[in-house]
>>> print(open('coords.txt').read())   # compact mmCIF, C-alpha atoms and all ligand atoms
# COMPACT_ATOMS: atom_id res chain seq x y z
CA MET A 238 -8.58 -3.63 -7.60
CA ALA A 239 -9.87 -4.08 -4.10
CA THR A 240 -8.07 -2.08 -1.52
CA ASN A 241 -8.03 -2.50 2.21
CA LYS A 242 -9.19 0.82 3.49
CA THR A 243 -8.12 1.68 6.96
CA SER A 244 -9.77 4.29 9.06
CA GLN A 245 -8.42 6.63 11.66
CA ARG A 246 -9.97 8.52 14.53
CA TYR A 247 -9.10 12.14 15.06
CA GLN A 248 -9.70 14.32 18.10
CA ALA A 249 -10.81 17.78 17.12
CA SER A 250 -11.69 20.91 19.02
CA CYS A 251 -11.97 24.63 18.81
CA HIS A 252 -9.06 26.64 20.19
CA CYS A 253 -10.51 27.05 23.71
CA GLN A 254 -11.67 23.38 23.91
CA LEU A 255 -15.26 24.34 24.60
CA ILE A 256 -16.36 22.26 21.63
CA ARG A 257 -14.70 18.88 21.24
CA TYR A 258 -15.47 16.09 18.86
CA THR A 259 -14.11 12.89 17.42
CA VAL A 260 -14.01 12.20 13.72
CA THR A 261 -13.47 8.86 12.00
CA LEU A 262 -12.07 9.14 8.51
CA SER A 263 -11.72 6.36 6.00
CA PRO A 264 -9.30 6.59 4.34
CA PRO A 265 -7.17 8.55 6.83
CA LEU A 266 -6.01 12.05 6.01
CA HIS A 267 -2.53 10.92 5.03
CA ASP A 268 -3.73 8.16 2.70
CA PRO A 269 -2.48 8.78 -0.87
CA GLU A 270 -6.13 8.86 -1.95
CA SER A 271 -7.09 11.49 0.59
CA TRP A 272 -7.19 15.20 0.04
CA VAL A 273 -8.55 18.33 1.65
CA VAL A 274 -10.45 21.05 -0.17
CA GLU A 275 -9.06 24.53 -0.36
CA CYS A 276 -11.80 26.77 -1.68
CA ASN A 277 -11.60 30.39 -2.77
CA CYS A 278 -15.20 31.40 -1.96
CA SER A 279 -15.77 34.47 0.19
CA ILE A 280 -15.98 32.66 3.52
CA CYS A 281 -13.33 29.98 2.94
CA ALA A 282 -10.89 32.64 1.81
CA ARG A 283 -11.43 34.61 5.01
CA ASN A 284 -11.45 31.74 7.46
CA GLY A 285 -8.79 29.59 5.85
CA TYR A 286 -10.98 26.51 5.78
CA LEU A 287 -9.33 23.27 4.73
CA ASN A 288 -12.25 20.91 4.45
CA VAL A 289 -12.98 17.25 4.38
CA TYR A 290 -16.49 16.01 3.66
CA VAL A 291 -17.71 13.54 6.24
CA GLN A 292 -20.93 11.62 6.85
CA ASN A 293 -22.70 12.79 10.01
CA GLU A 294 -22.43 9.36 11.63
CA CYS A 295 -18.61 9.63 11.55
CA ILE A 296 -18.68 12.65 13.86
CA GLN A 297 -19.21 12.34 17.61
CA PHE A 298 -19.54 15.41 19.77
CA ASP A 299 -17.97 14.92 23.18
CA ASN A 300 -19.77 17.55 25.20
CA VAL A 301 -21.85 20.12 23.34
CA ASP A 302 -23.44 19.53 19.97
CA LEU A 303 -24.17 22.00 17.21
CA ASN A 304 -27.62 22.87 18.58
CA SER A 305 -26.06 24.29 21.70
CA ASN A 306 -26.10 28.04 22.04
CA LEU A 307 -22.38 27.79 22.77
CA VAL A 308 -22.08 27.22 19.02
CA GLU A 309 -22.71 30.21 16.81
CA LYS A 310 -24.41 29.76 13.44
CA TYR A 311 -23.89 31.82 10.33
CA ARG A 312 -25.55 31.79 6.90
CA PHE A 313 -25.22 34.08 3.94
CA GLY A 314 -26.16 34.39 0.30
CA LYS A 315 -28.68 31.71 -0.65
CA GLU A 316 -28.54 30.42 2.94
CA ARG A 317 -28.28 26.80 1.86
CA VAL A 318 -25.24 26.23 4.03
CA GLN A 319 -24.85 26.90 7.72
CA HIS A 320 -21.43 27.58 9.22
CA TYR A 321 -20.59 26.83 12.84
CA PHE A 322 -18.05 28.53 15.03
CA CYS A 323 -17.21 28.62 18.72
CA SER A 324 -19.02 31.38 20.60
CA ARG A 325 -16.05 31.85 22.90
CA CYS A 326 -12.87 31.61 20.80
CA GLY A 327 -14.34 32.08 17.31
CA SER A 328 -12.75 29.01 15.72
CA SER A 329 -14.38 28.05 12.42
CA LEU A 330 -15.39 24.46 12.99
CA MET A 331 -17.52 23.17 10.17
CA ALA A 332 -20.39 23.78 7.77
CA GLU A 333 -23.34 21.83 6.46
CA SER A 334 -26.17 22.15 4.02
CA ILE A 335 -29.52 22.90 5.58
CA GLU A 336 -31.42 22.41 2.35
CA PRO A 337 -33.04 18.96 2.04
CA GLY A 338 -31.46 16.91 -0.75
CA PHE A 339 -28.44 19.19 -1.10
CA TYR A 340 -25.41 17.43 0.40
CA GLU A 341 -27.76 15.92 2.97
CA GLY A 342 -26.18 13.99 5.82
CA VAL A 343 -22.71 15.39 5.20
CA LYS A 344 -20.65 18.01 6.96
CA ALA A 345 -17.64 19.92 5.72
CA LEU A 346 -15.14 19.76 8.55
CA ASN A 347 -12.27 22.17 8.87
CA VAL A 348 -9.24 19.93 9.40
CA ARG A 349 -7.42 22.84 11.03
CA MET A 350 -9.40 21.88 14.18
CA PHE A 351 -7.93 18.35 14.19
CA GLN A 352 -5.32 17.73 16.87
CA GLY A 353 -1.89 16.50 15.86
CA VAL A 354 -2.42 17.05 12.14
CA ASP A 355 0.12 19.15 10.30
CA VAL A 356 -2.01 20.61 7.52
CA ARG A 357 1.11 21.39 5.46
CA THR A 358 1.57 17.68 4.89
CA LEU A 359 -1.91 17.08 3.45
CA GLN A 360 -2.72 16.83 -0.23
CA ARG A 361 -4.88 19.73 -1.29
CA ARG A 362 -7.43 20.08 -4.01
CA GLU A 363 -8.37 23.57 -5.06
CA VAL A 364 -12.04 24.27 -5.63
CA ASP A 365 -13.20 27.39 -7.40
CA GLY A 366 -16.09 28.11 -5.04
CA ARG A 367 -16.01 31.78 -5.95
CA SER A 368 -17.38 30.93 -9.40
CA LEU A 369 -20.20 28.69 -8.17
ZN ZN A 401 -13.68 27.75 21.49
>>> encode(input="coords.txt", output="structure tokens")
Amino acid sequence: MATNKTSQRYQASCHCQLIRYTVTLSPPLHDPESWVVECNCSICARNGYLNVYVQNECIQFDNVDLNSNLVEKYRFGKERVQHYFCSRCGSSLMAESIEPGFYEGVKALNVRMFQGVDVRTLQRREVDGRSL
């Protein structure tokens, strides 16, 4: 059955507003078919990531982009994935694969950075990242 997918734009930022960006999600976060990923891997467990996976072209950085040295980068383990956090307030913003062909063109965005979104109202899907 064909469905009419709507999209919604979200303003997102780190806590201190140094890094601000706009995200367009289709379907929106509160669509019945939408869900966020709660993962139990070592970094998600510590940082409380609640992730949505978004194509790069759906993310617009307002002021600084991820290459800025205002954004800290962190890799661990096999170093296939790079995590980004604010150099000033430490907010965990997002992560992406840096290995060609492995989740290329997609970022995992932490919806806790989205303004006006009550994460308690979102459907969650648990992922056993610890076992991967
Ligand atoms: Zn900040």
>>> closest_atom_pairs(input="coords.txt", of="chain A", to="ligand ZN 401 (chain A)", cutoff="10 Å", atoms="all atoms listed in the file", output="CSV")
residue,atom,partner,partner_atom,distance
A:Ser250,CA,A:ZN401,ZN,7.5
A:Cys251,CA,A:ZN401,ZN,4.5
A:His252,CA,A:ZN401,ZN,4.9
A:Cys253,CA,A:ZN401,ZN,3.9
A:Gln254,CA,A:ZN401,ZN,5.4
A:Leu255,CA,A:ZN401,ZN,4.9
A:Ile256,CA,A:ZN401,ZN,6.1
A:Arg257,CA,A:ZN401,ZN,8.9
A:Leu307,CA,A:ZN401,ZN,8.8
A:Val308,CA,A:ZN401,ZN,8.8
A:Phe322,CA,A:ZN401,ZN,7.8
A:Cys323,CA,A:ZN401,ZN,4.6
A:Ser324,CA,A:ZN401,ZN,6.5
A:Arg325,CA,A:ZN401,ZN,4.9
A:Cys326,CA,A:ZN401,ZN,4.0
A:Gly327,CA,A:ZN401,ZN,6.1
A:Ser328,CA,A:ZN401,ZN,6.0
A:Ser329,CA,A:ZN401,ZN,9.1
A:Leu330,CA,A:ZN401,ZN,9.3
>>> write_last_selection(input="coords.txt", atoms="C-alpha atoms", output="CSV table (one decimal), in the frame of the given file")
chain,number,residue,atom,x,y,z
A,250,SER,CA,-11.7,20.9,19.0
A,251,CYS,CA,-12.0,24.6,18.8
A,252,HIS,CA,-9.1,26.6,20.2
A,253,CYS,CA,-10.5,27.0,23.7
A,254,GLN,CA,-11.7,23.4,23.9
A,255,LEU,CA,-15.3,24.3,24.6
A,256,ILE,CA,-16.4,22.3,21.6
A,257,ARG,CA,-14.7,18.9,21.2
A,307,LEU,CA,-22.4,27.8,22.8
A,308,VAL,CA,-22.1,27.2,19.0
A,322,PHE,CA,-18.0,28.5,15.0
A,323,CYS,CA,-17.2,28.6,18.7
A,324,SER,CA,-19.0,31.4,20.6
A,325,ARG,CA,-16.0,31.8,22.9
A,326,CYS,CA,-12.9,31.6,20.8
A,327,GLY,CA,-14.3,32.1,17.3
A,328,SER,CA,-12.8,29.0,15.7
A,329,SER,CA,-14.4,28.0,12.4
A,330,LEU,CA,-15.4,24.5,13.0
>>> closest_residue(input="coords.txt", among="A:Asn347, A:Gln292, A:Gln245, A:Asn277", to="Leu262 of chain A", atoms="all atoms listed in the file")
A:Gln245
>>> closest_residue(input="coords.txt", among="A:Ser263, A:Ser279, A:Asn288, A:Gln297", to="Glu333 of chain A", atoms="all atoms listed in the file")
A:Asn288
>>> atom_distance(input="coords.txt", atom1="atom CA of Phe298 of chain A", atom2="atom CA of Glu363 of chain A")
28.4 Å
>>> residues_around(input="coords.txt", residues="Glu341 of chain A", least_positions_apart="6", cutoff="12 Å", atoms="all atoms listed in the file", output="PDB file with C-alpha atoms, in the frame of the given file")
ATOM      1  CA  TYR A 290     -16.490  16.010   3.660  1.00  0.00           C
ATOM      2  CA  VAL A 291     -17.710  13.540   6.240  1.00  0.00           C
ATOM      3  CA  GLN A 292     -20.930  11.620   6.850  1.00  0.00           C
ATOM      4  CA  ASN A 293     -22.700  12.790  10.010  1.00  0.00           C
ATOM      5  CA  ARG A 317     -28.280  26.800   1.860  1.00  0.00           C
ATOM      6  CA  VAL A 318     -25.240  26.230   4.030  1.00  0.00           C
ATOM      7  CA  ALA A 332     -20.390  23.780   7.770  1.00  0.00           C
ATOM      8  CA  GLU A 333     -23.340  21.830   6.460  1.00  0.00           C
ATOM      9  CA  SER A 334     -26.170  22.150   4.020  1.00  0.00           C
ATOM     10  CA  ILE A 335     -29.520  22.900   5.580  1.00  0.00           C
TER      11      ILE A 335
END
>>> closest_residue(input="coords.txt", among="A:Glu336, A:Arg283, A:Tyr247, A:His320", to="Pro265 of chain A", atoms="all atoms listed in the file")
A:Tyr247
>>> closest_residue(input="coords.txt", among="A:Thr261, A:Val274, A:Val301, A:Glu294", to="Gly342 of chain A", atoms="only C-alpha atoms")
A:Glu294
>>> closest_residue(input="coords.txt", among="A:Val348, A:Arg362, A:Asp299, A:Val343", to="Gln319 of chain A", atoms="all atoms listed in the file")
A:Val343
>>> closest_residue(input="coords.txt", among="A:Val364, A:Val260, A:Met331, A:Leu266", to="Lys242 of chain A", atoms="all atoms listed in the file")
A:Leu266
>>> atom_distance(input="coords.txt", atom1="atom CA of Arg361 of chain A", atom2="atom CA of Pro264 of chain A")
15.0 Å
>>> atom_distance(input="coords.txt", atom1="atom CA of Gly338 of chain A", atom2="atom CA of Met350 of chain A")
27.1 Å
>>> build_atoms(input="coords.txt", residues="segment 242-274 of chain A", atoms="N, CA and C atoms", output="tab-separated table (two decimals), in the frame of the given file")
chain	number	residue	atom	x	y	z
A	242	LYS	N	-9.14	-0.53	2.94
A	242	LYS	CA	-9.19	0.82	3.49
A	242	LYS	C	-9.09	0.77	5.00
A	243	THR	N	-8.18	1.54	5.53
A	243	THR	CA	-8.12	1.68	6.96
A	243	THR	C	-8.84	2.96	7.34
A	244	SER	N	-9.17	3.05	8.59
A	244	SER	CA	-9.77	4.29	9.06
A	244	SER	C	-8.97	4.79	10.25
A	245	GLN	N	-9.14	6.04	10.53
A	245	GLN	CA	-8.42	6.63	11.66
A	245	GLN	C	-9.34	7.58	12.40
A	246	ARG	N	-9.19	7.59	13.72
A	246	ARG	CA	-9.97	8.52	14.53
A	246	ARG	C	-9.14	9.75	14.85
A	247	TYR	N	-9.77	10.88	14.77
A	247	TYR	CA	-9.10	12.14	15.06
A	247	TYR	C	-9.86	12.87	16.16
A	248	GLN	N	-9.11	13.42	17.11
A	248	GLN	CA	-9.70	14.32	18.10
A	248	GLN	C	-9.66	15.73	17.51
A	249	ALA	N	-10.76	16.42	17.65
A	249	ALA	CA	-10.81	17.78	17.12
A	249	ALA	C	-11.43	18.68	18.16
A	250	SER	N	-11.08	19.95	18.11
A	250	SER	CA	-11.69	20.91	19.02
A	250	SER	C	-11.45	22.31	18.50
A	251	CYS	N	-12.25	23.22	19.03
A	251	CYS	CA	-11.97	24.63	18.81
A	251	CYS	C	-10.75	25.01	19.65
A	252	HIS	N	-10.29	26.23	19.51
A	252	HIS	CA	-9.06	26.64	20.19
A	252	HIS	C	-9.20	26.57	21.71
A	253	CYS	N	-10.36	26.98	22.25
A	253	CYS	CA	-10.51	27.05	23.71
A	253	CYS	C	-11.05	25.75	24.30
A	254	GLN	N	-11.24	24.72	23.46
A	254	GLN	CA	-11.67	23.38	23.91
A	254	GLN	C	-13.11	23.32	24.40
A	255	LEU	N	-13.86	24.37	24.20
A	255	LEU	CA	-15.26	24.34	24.60
A	255	LEU	C	-16.03	23.29	23.78
A	256	ILE	N	-15.69	23.20	22.51
A	256	ILE	CA	-16.36	22.26	21.63
A	256	ILE	C	-15.35	21.22	21.16
A	257	ARG	N	-15.62	19.97	21.56
A	257	ARG	CA	-14.70	18.88	21.24
A	257	ARG	C	-15.47	17.78	20.54
A	258	TYR	N	-14.81	17.16	19.59
A	258	TYR	CA	-15.47	16.09	18.86
A	258	TYR	C	-14.45	15.13	18.30
A	259	THR	N	-14.95	13.96	17.96
A	259	THR	CA	-14.11	12.89	17.42
A	259	THR	C	-14.60	12.58	16.02
A	260	VAL	N	-13.67	12.43	15.11
A	260	VAL	CA	-14.01	12.20	13.72
A	260	VAL	C	-13.32	10.93	13.25
A	261	THR	N	-14.07	10.05	12.59
A	261	THR	CA	-13.47	8.86	12.00
A	261	THR	C	-13.43	9.03	10.50
A	262	LEU	N	-12.23	8.96	9.95
A	262	LEU	CA	-12.07	9.14	8.51
A	262	LEU	C	-11.54	7.87	7.87
A	263	SER	N	-12.17	7.50	6.78
A	263	SER	CA	-11.72	6.36	6.00
A	263	SER	C	-11.77	6.77	4.52
A	264	PRO	N	-10.66	6.84	3.84
A	264	PRO	CA	-9.30	6.59	4.34
A	264	PRO	C	-8.81	7.73	5.23
A	265	PRO	N	-7.73	7.49	5.98
A	265	PRO	CA	-7.17	8.55	6.83
A	265	PRO	C	-6.66	9.73	6.01
A	266	LEU	N	-6.44	10.82	6.70
A	266	LEU	CA	-6.01	12.05	6.01
A	266	LEU	C	-4.72	11.88	5.22
A	267	HIS	N	-3.83	11.04	5.71
A	267	HIS	CA	-2.53	10.92	5.03
A	267	HIS	C	-2.50	9.78	4.02
A	268	ASP	N	-3.66	9.16	3.77
A	268	ASP	CA	-3.73	8.16	2.70
A	268	ASP	C	-3.45	8.85	1.36
A	269	PRO	N	-2.74	8.16	0.45
A	269	PRO	CA	-2.48	8.78	-0.87
A	269	PRO	C	-3.75	9.17	-1.61
A	270	GLU	N	-4.87	8.53	-1.28
A	270	GLU	CA	-6.13	8.86	-1.95
A	270	GLU	C	-6.93	9.94	-1.23
A	271	SER	N	-6.38	10.45	-0.17
A	271	SER	CA	-7.09	11.49	0.59
A	271	SER	C	-6.64	12.88	0.19
A	272	TRP	N	-7.55	13.82	0.32
A	272	TRP	CA	-7.19	15.20	0.04
A	272	TRP	C	-8.13	16.11	0.80
A	273	VAL	N	-7.71	17.32	1.02
A	273	VAL	CA	-8.55	18.33	1.65
A	273	VAL	C	-8.86	19.41	0.62
A	274	VAL	N	-10.00	20.04	0.79
A	274	VAL	CA	-10.45	21.05	-0.17
A	274	VAL	C	-10.05	22.43	0.30
